[in-house]
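Next comes final.txt, a file with compact mmCIF, C-alpha atoms and all ligand atoms.
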```
# COMPACT_ATOMS: atom_id res chain seq x y z
CA MET A 1 211.78 28.67 122.00
CA VAL A 2 210.67 28.48 118.36
CA ARG A 3 210.65 25.01 116.78
CA GLU A 4 209.25 23.43 113.65
CA TRP A 5 205.99 21.71 114.42
CA ASP A 6 203.88 19.18 112.57
CA PRO A 7 200.18 19.26 113.45
CA ARG A 8 199.75 15.70 112.12
CA THR A 9 201.98 14.26 114.86
CA ALA A 10 201.59 16.93 117.58
CA SER A 11 200.16 15.83 120.93
CA SER A 12 196.51 16.57 121.67
CA ALA A 13 197.68 18.82 124.53
CA GLU A 14 199.65 20.96 122.03
CA ILE A 15 196.68 21.25 119.71
CA ALA A 16 194.50 22.28 122.68
CA SER A 17 197.09 24.83 123.84
CA LEU A 18 197.32 26.36 120.36
CA LEU A 19 193.53 26.58 120.27
CA ASP A 20 193.58 28.41 123.64
CA THR A 21 196.03 30.91 122.18
CA LEU A 22 193.90 31.38 119.07
CA ASN A 23 190.85 32.04 121.25
CA ALA A 24 192.79 34.50 123.44
CA VAL A 25 193.84 36.31 120.23
CA LEU A 26 190.23 36.42 119.01
CA ALA A 27 188.99 37.70 122.40
CA ALA A 28 191.61 40.49 122.29
CA ASP A 29 191.45 41.47 118.62
CA LEU A 30 188.04 40.36 117.30
CA PRO A 31 185.82 40.06 120.39
CA GLN A 32 182.63 39.73 118.33
CA ASP A 33 183.91 36.61 116.55
CA PRO A 34 182.83 33.24 118.00
CA PRO A 35 185.57 31.27 119.78
CA TRP A 36 186.84 28.21 117.94
CA ARG A 37 186.15 24.64 119.06
CA GLU A 38 188.56 21.75 119.07
CA ILE A 39 186.57 19.64 116.60
CA SER A 40 188.74 18.81 113.54
CA MET A 41 191.34 21.38 114.66
CA ARG A 42 194.24 19.03 113.86
CA GLU A 43 192.84 18.37 110.38
CA TYR A 44 192.22 22.08 109.87
CA LEU A 45 195.91 22.75 110.56
CA ALA A 46 197.31 19.74 108.72
CA GLU A 47 195.35 19.19 105.52
CA VAL A 48 196.31 20.94 102.27
CA MET A 49 195.42 20.78 98.60
CA PRO A 50 197.50 18.46 96.37
CA GLY A 51 200.66 20.30 95.33
CA GLU A 52 200.59 22.68 98.30
CA ARG A 53 202.68 22.54 101.46
CA ARG A 54 202.16 24.15 104.81
CA ILE A 55 205.17 24.41 107.13
CA SER A 56 204.49 25.33 110.76
CA TRP A 57 206.47 26.44 113.80
CA VAL A 58 205.42 27.07 117.39
CA ALA A 59 206.87 29.07 120.28
CA GLN A 60 206.42 27.16 123.51
CA ALA A 61 206.82 28.48 127.06
CA GLU A 62 209.31 26.78 129.42
CA LYS A 63 208.19 23.65 131.29
CA ALA A 64 206.29 24.33 134.50
CA ALA A 65 207.90 23.52 137.90
CA ASP A 66 205.98 20.23 138.00
CA GLY A 67 207.47 19.24 134.63
CA SER A 68 204.29 19.73 132.61
CA PRO A 69 204.86 21.15 129.11
CA GLY A 70 204.69 24.90 128.62
CA ALA A 71 201.86 26.56 126.73
CA ILE A 72 202.05 27.25 122.99
CA LEU A 73 202.32 31.04 123.03
CA GLY A 74 203.00 31.66 119.37
CA HIS A 75 202.44 29.97 116.04
CA VAL A 76 203.39 30.65 112.46
CA HIS A 77 202.77 28.77 109.29
CA VAL A 78 203.55 29.44 105.69
CA LEU A 79 201.45 27.89 102.96
CA LEU A 80 203.60 27.44 99.87
CA LEU A 81 201.62 27.79 96.66
CA GLY A 82 202.81 28.74 93.17
CA ASP A 83 205.66 31.17 93.76
CA ILE A 84 204.16 32.84 96.79
CA GLY A 85 204.11 31.91 100.45
CA VAL A 86 201.05 32.84 102.50
CA LEU A 87 201.81 33.57 106.12
CA GLU A 88 199.72 33.31 109.27
CA VAL A 89 201.11 34.40 112.62
CA LEU A 90 199.59 34.36 116.11
CA VAL A 91 201.05 35.57 119.39
CA HIS A 92 199.18 35.17 122.67
CA PRO A 93 198.17 38.63 123.98
CA SER A 94 200.17 37.97 127.20
CA ALA A 95 203.37 37.44 125.17
CA ARG A 96 203.14 40.39 122.77
CA ARG A 97 205.63 43.21 122.23
CA THR A 98 208.60 41.07 123.20
CA GLY A 99 209.79 40.43 119.64
CA LEU A 100 208.17 36.99 119.36
CA GLY A 101 206.01 37.90 116.35
CA ARG A 102 209.08 39.24 114.53
CA SER A 103 211.11 36.13 115.24
CA LEU A 104 208.28 33.83 114.07
CA VAL A 105 208.02 35.78 110.79
CA LEU A 106 211.79 35.63 110.33
CA THR A 107 211.81 31.85 110.83
CA ALA A 108 209.11 31.32 108.22
CA ALA A 109 210.63 33.89 105.83
CA ARG A 110 214.05 32.21 105.97
CA ARG A 111 212.50 28.90 104.97
CA ALA A 112 210.50 30.48 102.15
CA TYR A 113 213.73 32.16 100.95
CA GLN A 114 215.71 28.87 101.08
CA GLU A 115 212.95 27.16 99.13
CA GLY A 116 213.22 29.79 96.38
CA PHE A 117 209.95 31.63 97.00
CA GLN A 118 209.82 35.22 95.78
CA SER A 119 207.17 36.91 97.81
CA ILE A 120 205.18 36.49 100.98
CA GLY A 121 201.57 37.57 101.42
CA VAL A 122 199.43 37.83 104.50
CA GLU A 123 195.82 38.70 105.32
CA VAL A 124 195.67 41.36 108.01
CA VAL A 125 192.55 42.36 109.91
CA GLY A 126 191.88 46.10 110.11
CA ASP A 127 191.86 47.81 113.50
CA THR A 128 194.14 45.23 115.13
CA PRO A 129 197.82 45.43 116.21
CA ALA A 130 198.75 43.29 113.20
CA ILE A 131 198.50 46.34 110.89
CA ALA A 132 201.28 48.22 112.76
CA PHE A 133 203.25 44.97 113.05
CA TYR A 134 203.36 44.17 109.32
CA GLU A 135 203.95 47.80 108.38
CA ALA A 136 206.87 47.92 110.83
CA LEU A 137 208.32 44.85 109.06
CA GLY A 138 208.07 46.64 105.69
CA PHE A 139 205.07 44.83 104.16
CA SER A 140 202.95 46.93 101.76
CA LYS A 141 199.20 46.96 101.45
CA GLU A 142 198.11 45.46 98.12
CA PHE A 143 194.37 45.12 98.40
CA VAL A 144 191.55 45.91 100.82
CA GLU A 145 188.26 44.09 101.22
CA THR A 146 185.38 44.68 103.58
CA ARG A 147 184.18 41.87 105.79
CA SER A 148 180.43 42.00 106.44
CA VAL A 149 178.42 39.92 108.87
CA LEU A 150 174.78 38.91 108.64
CA ASP A 151 172.96 38.26 111.91
CA LEU A 152 170.34 35.62 111.07
CA SER A 153 168.16 36.62 114.03
CA GLY A 154 167.44 39.92 112.26
CA VAL A 155 166.42 38.38 108.91
CA ASP A 156 162.89 38.89 107.56
CA TRP A 157 162.34 35.32 106.33
CA ALA A 158 159.10 36.12 104.43
CA GLU A 159 160.90 38.82 102.45
CA LEU A 160 163.81 36.47 101.85
CA ALA A 161 161.45 33.79 100.49
CA GLU A 162 160.21 36.32 97.96
CA MET A 163 163.77 37.24 96.94
CA ALA A 164 164.56 33.54 96.45
CA THR A 165 161.81 33.17 93.87
CA GLY A 166 162.31 36.54 92.18
CA ILE A 167 164.33 35.15 89.28
CA GLY A 168 163.80 35.52 85.52
CA ALA A 169 161.95 32.80 83.54
CA GLY A 170 164.11 30.01 82.12
CA TYR A 171 166.21 29.44 85.25
CA HIS A 172 165.77 27.17 88.21
CA LEU A 173 167.66 26.92 91.49
CA GLU A 174 169.17 23.80 93.04
CA PHE A 175 170.59 23.30 96.53
CA HIS A 176 173.51 20.89 96.96
CA PRO A 177 174.83 20.21 100.47
CA GLY A 178 178.39 18.84 100.29
CA GLY A 179 179.23 20.28 96.86
CA PRO A 180 177.98 20.13 93.26
CA PRO A 181 176.92 16.66 92.05
CA ASP A 182 179.41 14.91 89.81
CA GLU A 183 177.38 15.43 86.63
CA LEU A 184 177.50 19.21 87.18
CA ILE A 185 181.20 19.50 88.07
CA ASP A 186 182.27 20.43 84.51
CA ALA A 187 179.55 23.07 84.09
CA TYR A 188 180.31 24.38 87.57
CA ALA A 189 184.03 24.71 86.85
CA ARG A 190 183.22 26.47 83.52
CA ALA A 191 181.14 29.07 85.38
CA LYS A 192 184.00 29.65 87.81
CA ALA A 193 186.55 29.90 85.02
CA GLU A 194 184.53 32.39 82.99
CA VAL A 195 183.87 34.84 85.76
CA ARG A 196 186.28 35.69 88.44
CA ASP A 197 183.84 37.88 90.30
CA VAL A 198 185.26 36.52 93.44
CA GLU A 199 183.88 37.34 96.87
CA ASP A 200 186.89 35.77 98.41
CA GLY A 201 190.37 37.02 99.28
CA GLU A 202 192.96 36.90 96.51
CA LEU A 203 195.11 34.71 98.74
CA ARG A 204 192.51 31.95 98.64
CA PRO A 205 192.67 30.74 95.07
CA SER A 206 189.46 29.55 93.49
CA SER A 207 189.11 26.36 91.52
CA TYR A 208 188.70 26.82 87.81
CA ASP A 209 189.15 23.34 86.41
CA PRO A 210 187.16 20.21 87.26
CA GLN A 211 190.00 18.29 88.89
CA ARG A 212 191.10 21.23 90.99
CA LEU A 213 187.49 21.76 92.00
CA ARG A 214 187.19 18.13 93.15
CA ASP A 215 190.49 18.40 95.03
CA SER A 216 189.39 21.58 96.69
CA LEU A 217 186.06 20.08 97.82
CA ASP A 218 187.90 17.01 99.20
CA CYS A 219 190.30 19.26 101.04
CA LEU A 220 187.48 21.29 102.59
CA HIS A 221 185.79 18.10 103.83
CA ARG A 222 189.05 16.77 105.27
CA ARG A 223 189.56 20.05 107.17
CA GLY A 224 186.12 19.74 108.78
CA MET A 225 184.57 22.46 106.64
CA LYS A 226 181.22 21.56 105.11
CA PRO A 227 180.44 23.23 101.78
CA TYR A 228 176.91 24.13 100.67
CA ILE A 229 176.07 25.24 97.15
CA VAL A 230 173.09 26.86 95.46
CA LEU A 231 173.15 26.85 91.66
CA ALA A 232 171.06 28.70 89.11
CA LEU A 233 170.72 26.44 86.06
CA HIS A 234 169.88 27.86 82.64
CA GLU A 235 167.20 25.44 81.51
CA GLN A 236 167.72 25.85 77.75
CA THR A 237 171.46 25.05 77.75
CA GLY A 238 171.93 23.20 81.05
CA GLU A 239 174.73 25.65 81.86
CA VAL A 240 175.43 26.89 85.38
CA ALA A 241 174.36 30.56 85.17
CA GLY A 242 175.16 31.38 88.76
CA LEU A 243 176.44 29.83 91.93
CA THR A 244 176.98 30.69 95.55
CA GLU A 245 179.08 28.76 98.06
CA VAL A 246 178.89 28.81 101.85
CA VAL A 247 181.09 26.77 104.18
CA VAL A 248 180.13 25.79 107.73
CA PRO A 249 183.36 25.03 109.60
CA ALA A 250 183.29 22.48 112.45
CA GLN A 251 185.64 24.86 114.31
CA HIS A 252 183.08 27.71 114.46
CA PRO A 253 179.74 26.27 113.34
CA THR A 254 177.67 29.22 114.55
CA ARG A 255 179.30 31.52 111.99
CA ALA A 256 179.48 30.33 108.38
CA ASP A 257 181.80 31.71 105.69
CA GLN A 258 180.43 32.90 102.37
CA TYR A 259 182.90 31.88 99.65
CA ASP A 260 182.44 32.63 95.93
CA THR A 261 179.27 34.01 94.42
CA ILE A 262 179.33 34.14 90.64
CA VAL A 263 176.82 35.15 88.00
CA VAL A 264 178.07 34.37 84.48
CA GLN A 265 178.16 37.48 82.24
CA ASP A 266 175.39 36.41 79.80
CA HIS A 267 173.03 35.72 82.68
CA ARG A 268 173.32 39.01 84.54
CA GLY A 269 170.29 41.24 85.05
CA TYR A 270 167.85 38.41 85.90
CA GLY A 271 167.98 38.65 89.71
CA ILE A 272 170.18 35.56 90.03
CA ASP A 273 172.62 36.98 92.61
CA ARG A 274 169.87 37.97 95.03
CA ALA A 275 167.85 34.77 94.48
CA ILE A 276 170.71 32.27 94.98
CA LYS A 277 171.93 34.01 98.15
CA ALA A 278 168.40 34.24 99.59
CA ARG A 279 167.74 30.56 98.81
CA MET A 280 171.05 29.62 100.44
CA LEU A 281 170.13 31.38 103.68
CA MET A 282 166.75 29.64 103.76
CA GLU A 283 168.36 26.24 103.21
CA LEU A 284 171.00 26.87 105.88
CA ARG A 285 168.33 27.89 108.34
CA SER A 286 166.73 24.44 108.09
CA THR A 287 169.94 22.39 107.67
CA GLU A 288 172.26 24.02 110.22
CA ALA A 289 170.05 24.82 113.22
CA GLN A 290 172.96 26.19 115.31
CA LEU A 291 173.94 28.77 112.69
CA ALA A 292 173.61 32.37 113.93
CA GLU A 293 175.69 34.42 111.48
CA VAL A 294 177.24 34.38 108.02
CA GLN A 295 180.34 36.40 107.12
CA THR A 296 181.44 37.49 103.68
CA TRP A 297 184.32 39.45 102.13
CA ASN A 298 183.89 41.89 99.25
CA ALA A 299 186.18 44.08 97.22
CA GLN A 300 185.20 47.66 97.97
CA ALA A 301 184.75 48.34 94.25
CA ASN A 302 182.19 45.56 93.88
CA GLU A 303 179.18 47.83 94.27
CA ALA A 304 176.58 45.48 92.76
CA MET A 305 177.42 42.71 95.20
CA LEU A 306 177.63 45.07 98.16
CA LYS A 307 174.14 46.36 97.29
CA VAL A 308 172.63 42.86 97.25
CA ASN A 309 174.40 42.00 100.52
CA ALA A 310 173.01 45.15 102.15
CA GLU A 311 169.48 44.17 101.01
CA LEU A 312 169.97 40.76 102.60
CA GLY A 313 170.96 42.45 105.88
CA TYR A 314 174.79 42.14 105.87
CA ARG A 315 176.49 44.87 107.92
CA PRO A 316 180.08 45.99 107.21
CA ASP A 317 182.34 44.88 110.04
CA ARG A 318 186.08 45.29 109.40
CA GLU A 319 188.60 46.00 106.71
CA TRP A 320 190.45 42.86 105.62
CA CYS A 321 193.74 43.77 103.98
CA GLU A 322 196.27 41.88 101.94
CA TYR A 323 199.87 42.81 102.53
CA SER A 324 202.93 41.45 100.78
CA ILE A 325 206.69 41.77 100.65
CA ASP A 326 209.62 40.43 98.68
CA VAL A 327 211.04 37.51 100.70
CA ALA A 328 214.70 38.50 100.31
CA GLU A 329 213.93 42.05 101.37
CA LEU A 330 212.05 40.82 104.45
CA VAL A 331 214.88 38.54 105.58
CA HIS A 332 217.49 41.28 105.08
CA ARG A 333 215.36 43.89 106.81
CA ILE A 334 214.72 41.77 109.90
CA ASP A 335 218.33 40.61 110.08
CA ALA A 336 219.59 44.19 109.73
CA GLY A 337 217.28 45.40 112.51
CA ARG A 338 218.35 42.76 115.04
C1 LIG B 401 200.63 40.90 115.07
C2 LIG B 401 201.25 40.05 116.16
C3 LIG B 401 201.72 38.71 115.55
C4 LIG B 401 202.48 40.80 116.72
O1 LIG B 401 203.16 39.97 117.64
P1 LIG B 401 204.21 40.57 118.71
O2 LIG B 401 204.98 39.42 119.26
O3 LIG B 401 203.52 41.47 119.65
O4 LIG B 401 205.15 41.45 117.75
P2 LIG B 401 206.65 41.96 118.06
O5 LIG B 401 206.84 42.13 119.53
O6 LIG B 401 207.61 41.08 117.35
O7 LIG B 401 206.59 43.41 117.36
C5 LIG B 401 207.44 43.78 116.31
C6 LIG B 401 207.16 45.23 115.94
O8 LIG B 401 205.85 45.35 115.38
C7 LIG B 401 205.26 46.62 115.76
N1 LIG B 401 204.10 46.37 116.61
C8 LIG B 401 203.65 45.18 117.07
N2 LIG B 401 202.51 45.36 117.79
C9 LIG B 401 202.25 46.67 117.78
C10 LIG B 401 201.21 47.45 118.34
N3 LIG B 401 200.26 46.92 119.11
N4 LIG B 401 201.24 48.80 118.13
C11 LIG B 401 202.23 49.38 117.41
N5 LIG B 401 203.24 48.66 116.84
C12 LIG B 401 203.24 47.34 117.01
C13 LIG B 401 206.36 47.34 116.58
O9 LIG B 401 207.14 48.09 115.67
C14 LIG B 401 207.16 46.18 117.13
O10 LIG B 401 208.48 46.54 117.46
P3 LIG B 401 208.79 47.20 118.93
O11 LIG B 401 208.05 46.41 119.95
O12 LIG B 401 210.26 47.07 119.02
O13 LIG B 401 208.28 48.60 118.83
C15 LIG B 401 200.26 39.80 117.33
O14 LIG B 401 199.73 41.04 117.76
C16 LIG B 401 199.12 38.88 116.95
O15 LIG B 401 199.20 37.66 117.12
N6 LIG B 401 198.07 39.41 116.39
C17 LIG B 401 196.96 38.58 115.87
C18 LIG B 401 197.25 38.27 114.45
C19 LIG B 401 196.17 37.51 113.75
O16 LIG B 401 196.43 36.82 112.83
N7 LIG B 401 194.96 37.60 114.10
C20 LIG B 401 193.95 36.86 113.35
C21 LIG B 401 192.74 36.84 114.12
S1 LIG B 401 192.47 38.46 114.72
```
Entire entry expressed as structure tokens:
Amino acid sequence: MVREWDPRTASSAEIASLLDTLNAVLAADLPQDPPWREISMREYLAEVMPGERRISWVAQAEKAADGSPGAILGHVHVLLLGDIGVLEVLVHPSARRTGLGRSLVLTAARRAYQEGFQSIGVEVVGDTPAIAFYEALGFSKEFVETRSVLDLSGVDWAELAEMATGIGAGYHLEFHPGGPPDELIDAYARAKAEVRDVEDGELRPSSYDPQRLRDSLDCLHRRGMKPYIVLALHEQTGEVAGLTEVVVPAQHPTRADQYDTIVVQDHRGYGIDRAIKARMLMELRSTEAQLAEVQTWNAQANEAMLKVNAELGYRPDREWCEYSIDVAELVHRIDAGR
């Protein structure tokens, strides 16, 4: 049975059951990824940026003979932003190939259609059943990134310390746990606006103006995701010449996510990319003792960034693809195939 579901008011048992399904999915499809913990799971599912909406549905098994509620075997949500809806779908491995995934997508697509949204996008992990699933539903591949993972136990910390100081004269690095300080927010947003050399998926929009940046930092904190930032400041102008952002999520605190890394055009060629990332890893090592890995996503064409990541010890792991489809076409296709 598929029903609309609000994580803000859901019972703790439902949140725990959904987490079990997520971890069963990870064990089946991405066995090297750490399982998720329940800490801040409700907030992770419920909180959104101002102006965005996330609508969720679950598929729940029948009640057990003793009357206890059935497990959450499937989940879909659509995040409505701008004129596109971003979809996420999960089906427990024990409930796959029965049409549940298709019916969850149809439910979310119908709502997106009613709400006037034009297209639906989804991130799909390479080498998992989701590729065949979305292609069977008619989605097309728009963009491919490579996810790479750095195992911190293999890092040569002495070499990294050298990289962190190997930066041209006239710049200095600053570490800011929690986000950039208020007096640097404007300069930080300018750096992000000027360069969109994004290490992140296209479906995760970056923040280019100061208010959106503040909102996005607030939203991360509310979702239990702690941001860390290393900045390269250009001493002569006070401008942010480069920045790198890592988030440590409460849900999987042994594996951090590398978000944007940006070096502003005029400041390229001074070793800033390598230095800010190396400094970040050193800071994380002392601040987040449980951290074992960092993962990052790069466009395959971004050779400069891939080269620096390889020097730091990142190893390519999986393809991470963006698929999309016209909402009306999706609804008609699924309805016609029923
Ligand atoms: C992708 C996913 C949602 C599919 O769910 P599902 O309930 O098994 O999908 P359905 O039964 O509705 O399948 C619909 C169609 O998709 C295609 N399909 C689905 N799984 C497939 C597979 N393993 N191989 C080939 N085709 C597949 C088939 O055409 C299928 O139709 P058919 O069974 O009539 O042949 C499910 O595998 C899943 O949850 N994957 C994890 C997704 C995810 O987000 N992971 C993130 C962390 S890894």
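Between atom CA of Leu90 of chain A and atom O5 of ligand LIG 401 (chain B) lies a distance of 11.2 Å.
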Could you tell me, as a PyMOL selection string, which residues have any atom at most 8 Å from (202.5, 24.5, 106.6), counting all atoms listed in the file?
chain A and resi 45-46+53-56+77-80
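Pairwise distance (atom C7 of ligand LIG 401 (chain B), atom CA of Ala61 of chain A) equals 21.4 Å.
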Quote the spacing between atom CA of Ser103 of chain A and atom CA of Arg8 of chain A in Å to one decimal place.
23.6 Å
Pick out the residues sitting within 10 Å of Gln32 of chain A, and hand them over as an mmCIF file with C-alpha atoms, keeping the file's coordinate frame; count only C-alpha atoms, and ignore anything fewer than 5 positions along from it in its own chain.
```cif
data_model
loop_
_atom_site.group_PDB
_atom_site.id
_atom_site.type_symbol
_atom_site.label_atom_id
_atom_site.label_comp_id
_atom_site.auth_asym_id
_atom_site.auth_seq_id
_atom_site.Cartn_x
_atom_site.Cartn_y
_atom_site.Cartn_z
ATOM 1 C CA LEU A 26 190.230 36.420 119.010
ATOM 2 C CA ALA A 27 188.990 37.700 122.400
ATOM 3 C CA ASP A 317 182.340 44.880 110.040
#
```
How big is the axis-aligned box around the listed atoms of ligand LIG 401 (chain B) once 3 Å is added on each side, and where is its centre? Give both in Å to one decimal, as JSON.
```
{"center_x": 201.4, "center_y": 43.1, "center_z": 116.4, "size_x": 23.8, "size_y": 18.6, "size_z": 13.1}
```
When you count only C-alpha atoms, which of these residues is closest to His92 of chain A: A:Ala191, A:Ile120, A:Ala71, A:Leu291?
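Smallest separation from His92 of chain A among the options: A:Ala71.
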Who sits within 9 Å of segment 34-44 of chain A, only C-alpha atoms, same chain under 6 positions skipped, as a PyMOL selection string
chain A and resi 7-8+10+12+15-16+19-20+22-24+26-27+220+222-225+250-255
